[in-house]
Structures are given as structure tokens and as C-alpha cells.
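Engineer: Below you'll find start_31.pdb; it's PDB, C-alpha atoms, pLDDT in the B column.
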ATOM      1  CA  MET M  14       6.886  -7.086 -12.342  1.00 75.00           C
ATOM      2  CA  ASP M  15       8.030 -10.703 -12.605  1.00 74.00           C
ATOM      3  CA  GLU M  16       8.884 -11.902 -16.122  1.00 80.00           C
ATOM      4  CA  LEU M  17       6.525 -14.866 -15.713  1.00 75.00           C
ATOM      5  CA  VAL M  18       3.690 -12.426 -14.965  1.00 65.00           C
ATOM      6  CA  VAL M  19       4.514 -10.306 -18.021  1.00 69.00           C
ATOM      7  CA  ARG M  20       4.496 -13.404 -20.268  1.00 72.00           C
ATOM      8  CA  SER M  21       1.170 -14.600 -18.864  1.00 69.00           C
ATOM      9  CA  LEU M  22      -0.395 -11.173 -19.496  1.00 65.00           C
ATOM     10  CA  ALA M  23       0.649 -11.389 -23.140  1.00 68.00           C
ATOM     11  CA  ARG M  24      -0.727 -14.914 -23.452  1.00 71.00           C
ATOM     12  CA  TRP M  25      -4.072 -14.280 -21.685  1.00 65.00           C
ATOM     13  CA  PRO M  26      -4.849 -10.556 -21.983  1.00 72.00           C
ATOM     14  CA  ASN M  27      -8.556 -10.594 -21.084  1.00 79.00           C
ATOM     15  CA  VAL M  28      -8.766 -12.346 -17.721  1.00 82.00           C
ATOM     16  CA  PRO M  29     -11.359 -10.601 -15.513  1.00 89.00           C
ATOM     17  CA  ALA M  30     -10.115  -8.678 -12.484  1.00 93.00           C
ATOM     18  CA  VAL M  31     -10.828  -9.778  -8.914  1.00 94.00           C
ATOM     19  CA  TYR M  32     -12.170  -7.475  -6.187  1.00 96.00           C
ATOM     20  CA  GLY M  33     -12.606  -7.974  -2.444  1.00 95.00           C
ATOM     21  CA  TRP M  34     -10.188 -10.875  -2.137  1.00 95.00           C
ATOM     22  CA  LEU M  35      -6.883  -9.244  -1.127  1.00 98.00           C
ATOM     23  CA  ALA M  36      -6.365  -6.518   1.483  1.00 98.00           C
ATOM     24  CA  LEU M  37      -3.499  -4.552   3.004  1.00 98.00           C
ATOM     25  CA  ASP M  38      -3.815  -3.852   6.731  1.00 98.00           C
ATOM     26  CA  ARG M  39      -2.458  -0.903   8.731  1.00 98.00           C
ATOM     27  CA  ARG M  40       0.747  -2.774   9.571  1.00 98.00           C
ATOM     28  CA  GLY M  41       1.564  -3.736   5.991  1.00 98.00           C
ATOM     29  CA  ASN M  42       0.296  -7.308   6.158  1.00 98.00           C
ATOM     30  CA  TRP M  43      -1.340  -8.881   3.141  1.00 98.00           C
ATOM     31  CA  ARG M  44      -4.656 -10.562   3.941  1.00 98.00           C
ATOM     32  CA  ILE M  45      -6.731 -12.961   1.866  1.00 97.00           C
ATOM     33  CA  LYS M  46     -10.381 -12.866   2.919  1.00 94.00           C
ATOM     34  CA  GLY M  47      -9.291 -11.474   6.299  1.00 95.00           C
ATOM     35  CA  GLN M  48      -6.593 -14.062   6.993  1.00 98.00           C
ATOM     36  CA  ARG M  49      -2.995 -12.852   7.216  1.00 98.00           C
ATOM     37  CA  ILE M  50      -0.731 -14.421   4.582  1.00 98.00           C
ATOM     38  CA  SER M  51       2.036 -16.158   6.491  1.00 97.00           C
ATOM     39  CA  ASN M  52       3.867 -17.771   3.559  1.00 97.00           C
ATOM     40  CA  ALA M  53       6.972 -15.637   2.918  1.00 97.00           C
ATOM     41  CA  ALA M  54       7.286 -16.636  -0.751  1.00 96.00           C
ATOM     42  CA  MET M  55       3.666 -15.618  -1.400  1.00 96.00           C
ATOM     43  CA  ARG M  56       4.123 -12.265   0.394  1.00 97.00           C
ATOM     44  CA  ASP M  57       7.267 -11.578  -1.655  1.00 97.00           C
ATOM     45  CA  PHE M  58       5.513 -12.485  -4.930  1.00 95.00           C
ATOM     46  CA  ILE M  59       2.649 -10.128  -4.137  1.00 97.00           C
ATOM     47  CA  ALA M  60       5.068  -7.344  -3.164  1.00 97.00           C
ATOM     48  CA  ARG M  61       7.070  -7.678  -6.408  1.00 95.00           C
ATOM     49  CA  ASN M  62       3.894  -7.425  -8.480  1.00 95.00           C
ATOM     50  CA  TYR M  63       2.098  -4.663  -6.534  1.00 97.00           C
ATOM     51  CA  GLU M  64       1.312  -1.575  -8.607  1.00 96.00           C
ATOM     52  CA  CYS M  65      -1.195   1.204  -9.185  1.00 97.00           C
ATOM     53  CA  ASP M  66      -3.415   1.780 -12.214  1.00 96.00           C
ATOM     54  CA  ALA M  67      -4.281   5.142 -13.792  1.00 95.00           C
ATOM     55  CA  GLN M  68      -7.405   5.492 -11.606  1.00 95.00           C
ATOM     56  CA  GLY M  69      -5.405   5.192  -8.356  1.00 97.00           C
ATOM     57  CA  ARG M  70      -6.491   1.622  -7.647  1.00 97.00           C
ATOM     58  CA  TRP M  71      -3.687  -0.533  -6.245  1.00 98.00           C
ATOM     59  CA  PHE M  72      -3.483  -4.122  -7.391  1.00 97.00           C
ATOM     60  CA  PHE M  73      -1.445  -7.302  -7.385  1.00 94.00           C
ATOM     61  CA  GLN M  74      -0.836  -8.720 -10.850  1.00 92.00           C
ATOM     62  CA  ASN M  75      -1.299 -12.465 -10.326  1.00 90.00           C
ATOM     63  CA  GLY M  76      -0.245 -13.863 -13.662  1.00 85.00           C
ATOM     64  CA  PRO M  77      -2.823 -12.643 -16.174  1.00 86.00           C
ATOM     65  CA  GLN M  78      -5.301 -11.701 -13.437  1.00 90.00           C
ATOM     66  CA  ARG M  79      -5.364  -8.308 -11.758  1.00 92.00           C
ATOM     67  CA  VAL M  80      -6.311  -8.581  -8.080  1.00 97.00           C
ATOM     68  CA  TYR M  81      -7.380  -5.215  -6.675  1.00 98.00           C
ATOM     69  CA  VAL M  82      -6.340  -4.533  -3.091  1.00 98.00           C
ATOM     70  CA  THR M  83      -8.645  -3.153  -0.415  1.00 98.00           C
ATOM     71  CA  LEU M  84      -6.604  -0.721   1.679  1.00 98.00           C
ATOM     72  CA  ALA M  85      -7.110  -0.355   5.421  1.00 98.00           C
ATOM     73  CA  TYR M  86      -5.768   3.179   4.993  1.00 98.00           C
ATOM     74  CA  THR M  87      -2.990   3.941   2.489  1.00 98.00           C
ATOM     75  CA  PRO M  88      -1.430   1.970  -0.383  1.00 98.00           C
ATOM     76  CA  LEU M  89       1.938   1.815   1.365  1.00 98.00           C
ATOM     77  CA  VAL M  90       2.923   1.139   4.952  1.00 98.00           C
ATOM     78  CA  PHE M  91       6.324   2.336   6.131  1.00 98.00           C
ATOM     79  CA  HIS M  92       8.519   1.083   8.944  1.00 98.00           C
ATOM     80  CA  HIS M  93      11.986   1.848  10.206  1.00 97.00           C
ATOM     81  CA  GLU M  94      14.888  -0.548  10.462  1.00 97.00           C
ATOM     82  CA  GLY M  95      17.368   1.467  12.474  1.00 96.00           C
ATOM     83  CA  ASP M  96      17.492   4.852  10.752  1.00 95.00           C
ATOM     84  CA  ALA M  97      16.468   3.448   7.362  1.00 98.00           C
ATOM     85  CA  LEU M  98      12.879   3.684   6.106  1.00 98.00           C
ATOM     86  CA  PHE M  99      11.260   0.843   4.120  1.00 98.00           C
ATOM     87  CA  ASP M 100       7.833   0.221   2.660  1.00 98.00           C
ATOM     88  CA  HIS M 101       5.853  -2.941   3.380  1.00 98.00           C
ATOM     89  CA  CYS M 102       7.172  -4.483   0.143  1.00 98.00           C
ATOM     90  CA  GLY M 103      10.725  -4.251   1.491  1.00 97.00           C
ATOM     91  CA  ARG M 104      11.812  -1.381  -0.760  1.00 97.00           C
ATOM     92  CA  PRO M 105      13.925   1.413   0.732  1.00 98.00           C
ATOM     93  CA  ALA M 106      12.140   4.751   0.863  1.00 98.00           C
ATOM     94  CA  ARG M 107      13.084   8.362   1.381  1.00 98.00           C
ATOM     95  CA  ALA M 108      10.538  10.583   3.067  1.00 97.00           C
ATOM     96  CA  THR M 109       9.810  13.806   1.201  1.00 97.00           C
ATOM     97  CA  GLU M 110       6.946  14.994   3.453  1.00 97.00           C
ATOM     98  CA  THR M 111       5.535  13.865   6.782  1.00 97.00           C
ATOM     99  CA  TYR M 112       1.978  14.449   8.000  1.00 98.00           C
ATOM    100  CA  LEU M 113      -0.097  13.914  11.109  1.00 98.00           C
ATOM    101  CA  ASP M 114      -3.768  13.088  10.626  1.00 98.00           C
ATOM    102  CA  ASP M 115      -6.615  13.972  12.956  1.00 96.00           C
ATOM    103  CA  GLU M 116      -6.518  10.468  14.483  1.00 96.00           C
ATOM    104  CA  GLY M 117      -2.830  10.709  15.449  1.00 96.00           C
ATOM    105  CA  SER M 118      -1.481   8.578  12.597  1.00 97.00           C
ATOM    106  CA  VAL M 119       1.760   9.594  10.898  1.00 98.00           C
ATOM    107  CA  LEU M 120       1.750   9.563   7.098  1.00 98.00           C
ATOM    108  CA  ILE M 121       4.867   9.693   4.975  1.00 98.00           C
ATOM    109  CA  ARG M 122       5.104  10.744   1.359  1.00 98.00           C
ATOM    110  CA  ALA M 123       7.939   9.050  -0.517  1.00 98.00           C
ATOM    111  CA  GLU M 124       8.869   8.530  -4.148  1.00 96.00           C
ATOM    112  CA  ARG M 125       6.304   5.693  -4.662  1.00 96.00           C
ATOM    113  CA  GLY M 126       3.494   7.537  -2.914  1.00 97.00           C
ATOM    114  CA  ILE M 127       1.837   8.088   0.429  1.00 98.00           C
ATOM    115  CA  GLY M 128       2.038   5.578   3.230  1.00 98.00           C
ATOM    116  CA  LEU M 129       1.024   5.084   6.808  1.00 98.00           C
ATOM    117  CA  LEU M 130       3.781   4.721   9.362  1.00 98.00           C
ATOM    118  CA  ASP M 131       3.540   1.396  11.182  1.00 98.00           C
ATOM    119  CA  ASP M 132       2.208   2.200  14.643  1.00 97.00           C
ATOM    120  CA  ARG M 133       5.180   0.417  16.237  1.00 96.00           C
ATOM    121  CA  ASP M 134       7.370   3.292  14.967  1.00 97.00           C
ATOM    122  CA  LEU M 135       5.212   6.183  16.186  1.00 96.00           C
ATOM    123  CA  GLU M 136       7.417   6.895  19.197  1.00 95.00           C
ATOM    124  CA  ARG M 137      10.226   8.209  17.009  1.00 94.00           C
ATOM    125  CA  TYR M 138       7.863  10.989  15.780  1.00 94.00           C
ATOM    126  CA  ALA M 139       6.399  11.930  19.181  1.00 92.00           C
ATOM    127  CA  ASP M 140       8.709  14.886  19.769  1.00 93.00           C
ATOM    128  CA  ALA M 141       8.123  16.212  16.251  1.00 92.00           C
ATOM    129  CA  ALA M 142       4.310  15.894  16.228  1.00 91.00           C
ATOM    130  CA  ASP M 143       3.753  19.641  16.652  1.00 93.00           C
ATOM    131  CA  ARG M 144       5.943  20.339  13.591  1.00 95.00           C
ATOM    132  CA  LEU M 145       4.212  17.882  11.237  1.00 97.00           C
ATOM    133  CA  THR M 146       1.791  19.110   8.590  1.00 97.00           C
ATOM    134  CA  ARG M 147      -1.791  18.350   9.672  1.00 98.00           C
ATOM    135  CA  ILE M 148      -4.196  16.572   7.368  1.00 98.00           C
ATOM    136  CA  PRO M 149      -7.720  15.268   8.004  1.00 98.00           C
ATOM    137  CA  ARG M 150      -7.933  11.526   7.414  1.00 98.00           C
ATOM    138  CA  ALA M 151     -11.021  12.048   5.246  1.00 98.00           C
ATOM    139  CA  GLU M 152      -8.899  14.027   2.749  1.00 98.00           C
ATOM    140  CA  VAL M 153      -5.930  11.637   2.445  1.00 98.00           C
ATOM    141  CA  ALA M 154      -7.164   9.387  -0.399  1.00 98.00           C
ATOM    142  CA  GLY M 155      -8.375  12.283  -2.533  1.00 98.00           C
ATOM    143  CA  ARG M 156      -5.327  14.432  -1.952  1.00 98.00           C
ATOM    144  CA  PHE M 157      -2.878  11.650  -2.769  1.00 98.00           C
ATOM    145  CA  GLY M 158      -4.931  10.068  -5.555  1.00 98.00           C
ATOM    146  CA  PHE M 159      -5.633   6.528  -4.433  1.00 98.00           C
ATOM    147  CA  VAL M 160      -8.777   4.423  -4.070  1.00 98.00           C
ATOM    148  CA  PRO M 161      -9.041   2.629  -0.699  1.00 98.00           C
ATOM    149  CA  ASN M 162     -11.809   0.267  -1.817  1.00 97.00           C
ATOM    150  CA  PRO M 163     -11.619  -0.547  -5.536  1.00 97.00           C
ATOM    151  CA  ALA M 164     -14.674  -2.845  -5.331  1.00 94.00           C
ATOM    152  CA  ALA M 165     -16.861   0.072  -4.244  1.00 89.00           C
ATOM    153  CA  ALA M 166     -15.388   2.322  -6.951  1.00 80.00           C
ATOM    154  CA  LYS M 167     -15.609  -0.052  -9.942  1.00 74.00           C
ATOM    155  CA  ALA M 168     -17.840   1.012 -12.771  1.00 57.00           C
TER     156      ALA M 168
END
Once you've parsed the file, please lay out its structure as C-alpha cells.
Structural biologist:
Amino acid sequence: MDELVVRSLARWPNVPAVYGWLALDRRGNWRIKGQRISNAAMRDFIARNYECDAQGRWFFQNGPQRVYVTLAYTPLVFHHEGDALFDHCGRPARATETYLDDEGSVLIRAERGIGLLDDRDLERYADAADRLTRIPRAEVAGRFGFVPNPAAAKA
């Protein structure tokens, strides 16, 4: 988390959280109210301050304000650059398990959690599809402990 964000949290500890404003799509794009964020500095700031709370709700810490993220599927989206695997925040990842859901999506478990493989990289898994562990999409969030829609789950 950015030092500026940490300092602002200490200064203003009780700022209400925001729901339904920020989303992560299936290709790892950040979206504000449905519009893709094109500003690279803003995307990088969000990525550096993207975390998960104890309830499995993923959020962006925007200064003292926690902005919960609505997930199109999983909290991470992976893509390949050559043979290297990265998450949508630009962090290198190492796959520990690979799954195939009932809709044909490839899911990868890595050290930071479960993520959807960007559909542009599906071809590299085509020959291995019959060897991947199967998982119903409906079970993914519960099995891997994340909340796709924090607004619907808030108390």
C-alpha cells in the first residue's frame, strides 16, 4: 500500500466505504461506473492499493476511503507475457493449480489467490483441457473465499 494512503488512513480513520463504483472485468480492466479507466497512472495507483479484507471482499484503498470492487468473475485476472504469468496488477505469479470451469474458462490459483485467465491466452491451455481439474463456476467464489459483489453482501 502506498505510504500516502497509509498516512491518510491514520489521519481520517472513519471515512465510509464506497460500493458499486469500481469494478474489475474479465480481462483485468478497472471500470468506474462501467467505463474503462484509460489513465495509466490511475490504473497503477489502484493496482498498488488493491487488497482483500477478512470477509473476502476485494477493495481499493483510495486514501482513507475503502472502495469495494465488484468482480466480473474472480479477484485476479492472469495473462501471459511469453512464458511468464502476471496478474492484472502487473505482479508476477506462479500457478499452483489450474482449473477448467463448466463454461470453458481457465482459472489459475497462485500465491495471491484465484484468478481467471484472460481469454486471449486460452489457446495455450487447449491441449491440456482434459487434464485440468473441473470446477463448476457456481462454486468458485465459495471455494476460494471471495465475494464477487460486496454491495450485495454488505450488512
Engineer: Take the PyMOL selection byres ((chain M and resi 78) around 7), run it mentally on this structure, and tell me the resulting residues as a ChimeraX atom specification.
Structural biologist: /M:28-30,74-77,79-80
Engineer: Write out, as a JSON list (two decimals), in the frame of the given file, the residues just selected, with C-alpha atoms.
Structural biologist:
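Output contents, as saved in selection.json:
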[["chain", "number", "residue", "atom", "x", "y", "z"],
["M", 28, "VAL", "CA", -8.77, -12.35, -17.72],
["M", 29, "PRO", "CA", -11.36, -10.60, -15.51],
["M", 30, "ALA", "CA", -10.12, -8.68, -12.48],
["M", 74, "GLN", "CA", -0.84, -8.72, -10.85],
["M", 75, "ASN", "CA", -1.30, -12.46, -10.33],
["M", 76, "GLY", "CA", -0.24, -13.86, -13.66],
["M", 77, "PRO", "CA", -2.82, -12.64, -16.17],
["M", 79, "ARG", "CA", -5.36, -8.31, -11.76],
["M", 80, "VAL", "CA", -6.31, -8.58, -8.08]]
Engineer: Given the point (0.6, 11.1, -1.5) in the file's coordinates, find the residues that have an atom at most 9 Å from it, counting all atoms listed in the file, and give them as a count of residues only.
Structural biologist: 16
Engineer: Could you state which residues are captured by the PyMOL selection byres ((chain M and resi 56-68) around 12) in this file, as a PDB file with C-alpha atoms, in the coordinates of the input?
Structural biologist:
ATOM      1  CA  MET M  14       6.886  -7.086 -12.342  1.00 75.00           C
ATOM      2  CA  ASP M  15       8.030 -10.703 -12.605  1.00 74.00           C
ATOM      3  CA  GLU M  16       8.884 -11.902 -16.122  1.00 80.00           C
ATOM      4  CA  LEU M  17       6.525 -14.866 -15.713  1.00 75.00           C
ATOM      5  CA  VAL M  18       3.690 -12.426 -14.965  1.00 65.00           C
ATOM      6  CA  VAL M  19       4.514 -10.306 -18.021  1.00 69.00           C
ATOM      7  CA  LEU M  35      -6.883  -9.244  -1.127  1.00 98.00           C
ATOM      8  CA  ALA M  36      -6.365  -6.518   1.483  1.00 98.00           C
ATOM      9  CA  LEU M  37      -3.499  -4.552   3.004  1.00 98.00           C
ATOM     10  CA  GLY M  41       1.564  -3.736   5.991  1.00 98.00           C
ATOM     11  CA  ASN M  42       0.296  -7.308   6.158  1.00 98.00           C
ATOM     12  CA  TRP M  43      -1.340  -8.881   3.141  1.00 98.00           C
ATOM     13  CA  ARG M  44      -4.656 -10.562   3.941  1.00 98.00           C
ATOM     14  CA  ILE M  45      -6.731 -12.961   1.866  1.00 97.00           C
ATOM     15  CA  ARG M  49      -2.995 -12.852   7.216  1.00 98.00           C
ATOM     16  CA  ILE M  50      -0.731 -14.421   4.582  1.00 98.00           C
ATOM     17  CA  SER M  51       2.036 -16.158   6.491  1.00 97.00           C
ATOM     18  CA  ASN M  52       3.867 -17.771   3.559  1.00 97.00           C
ATOM     19  CA  ALA M  53       6.972 -15.637   2.918  1.00 97.00           C
ATOM     20  CA  ALA M  54       7.286 -16.636  -0.751  1.00 96.00           C
ATOM     21  CA  MET M  55       3.666 -15.618  -1.400  1.00 96.00           C
ATOM     22  CA  GLY M  69      -5.405   5.192  -8.356  1.00 97.00           C
ATOM     23  CA  ARG M  70      -6.491   1.622  -7.647  1.00 97.00           C
ATOM     24  CA  TRP M  71      -3.687  -0.533  -6.245  1.00 98.00           C
ATOM     25  CA  PHE M  72      -3.483  -4.122  -7.391  1.00 97.00           C
ATOM     26  CA  PHE M  73      -1.445  -7.302  -7.385  1.00 94.00           C
ATOM     27  CA  GLN M  74      -0.836  -8.720 -10.850  1.00 92.00           C
ATOM     28  CA  ASN M  75      -1.299 -12.465 -10.326  1.00 90.00           C
ATOM     29  CA  GLY M  76      -0.245 -13.863 -13.662  1.00 85.00           C
ATOM     30  CA  PRO M  77      -2.823 -12.643 -16.174  1.00 86.00           C
ATOM     31  CA  GLN M  78      -5.301 -11.701 -13.437  1.00 90.00           C
ATOM     32  CA  ARG M  79      -5.364  -8.308 -11.758  1.00 92.00           C
ATOM     33  CA  VAL M  80      -6.311  -8.581  -8.080  1.00 97.00           C
ATOM     34  CA  TYR M  81      -7.380  -5.215  -6.675  1.00 98.00           C
ATOM     35  CA  VAL M  82      -6.340  -4.533  -3.091  1.00 98.00           C
ATOM     36  CA  PRO M  88      -1.430   1.970  -0.383  1.00 98.00           C
ATOM     37  CA  LEU M  89       1.938   1.815   1.365  1.00 98.00           C
ATOM     38  CA  VAL M  90       2.923   1.139   4.952  1.00 98.00           C
ATOM     39  CA  ASP M 100       7.833   0.221   2.660  1.00 98.00           C
ATOM     40  CA  HIS M 101       5.853  -2.941   3.380  1.00 98.00           C
ATOM     41  CA  CYS M 102       7.172  -4.483   0.143  1.00 98.00           C
ATOM     42  CA  GLY M 103      10.725  -4.251   1.491  1.00 97.00           C
ATOM     43  CA  ARG M 104      11.812  -1.381  -0.760  1.00 97.00           C
ATOM     44  CA  ARG M 125       6.304   5.693  -4.662  1.00 96.00           C
ATOM     45  CA  GLY M 126       3.494   7.537  -2.914  1.00 97.00           C
ATOM     46  CA  ALA M 154      -7.164   9.387  -0.399  1.00 98.00           C
ATOM     47  CA  GLY M 155      -8.375  12.283  -2.533  1.00 98.00           C
ATOM     48  CA  PHE M 157      -2.878  11.650  -2.769  1.00 98.00           C
ATOM     49  CA  GLY M 158      -4.931  10.068  -5.555  1.00 98.00           C
ATOM     50  CA  PHE M 159      -5.633   6.528  -4.433  1.00 98.00           C
ATOM     51  CA  VAL M 160      -8.777   4.423  -4.070  1.00 98.00           C
ATOM     52  CA  PRO M 161      -9.041   2.629  -0.699  1.00 98.00           C
ATOM     53  CA  ASN M 162     -11.809   0.267  -1.817  1.00 97.00           C
ATOM     54  CA  PRO M 163     -11.619  -0.547  -5.536  1.00 97.00           C
ATOM     55  CA  ALA M 166     -15.388   2.322  -6.951  1.00 80.00           C
ATOM     56  CA  LYS M 167     -15.609  -0.052  -9.942  1.00 74.00           C
ATOM     57  CA  ALA M 168     -17.840   1.012 -12.771  1.00 57.00           C
TER      58      ALA M 168
END
Engineer: What does the distance between atom CA of Thr111 of chain M and atom CA of His93 of chain M come to in Å, to one decimal place?
Structural biologist: 14.1 Å
Engineer: Record the distance separating atom CA of Ala164 of chain M and atom CA of Pro26 of chain M, expressed in Å with one decimal.
Structural biologist: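 Straight-line distance from atom CA of Ala164 of chain M to atom CA of Pro26 of chain M works out to 20.8 Å.
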Engineer: What's the separation between atom CA of Leu113 of chain M and atom CA of Thr146 of chain M, in Å to one decimal place?
Structural biologist: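 Computing it gives 6.1 Å between the two atoms.
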Engineer: Between M:Tyr32, M:Tyr112, M:Phe91, M:Tyr138, which is the closest to Ala165 of chain M once you count all atoms listed in the file?
Structural biologist: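 Selected residue with least distance to Ala165 of chain M: M:Tyr32.
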Engineer: Go through the shown structure with the PyMOL selection byres ((chain M and resi 114) around 7) and write out the matching residues as a PyMOL selection string.
Structural biologist: chain M and resi 112-113+115-119+147-150
Engineer: My list of candidates is M:Lys46, M:Arg39, M:His92, M:Arg133. Which is closest to Arg107 of chain M when distances are computed with only C-alpha atoms?
Structural biologist: M:His92
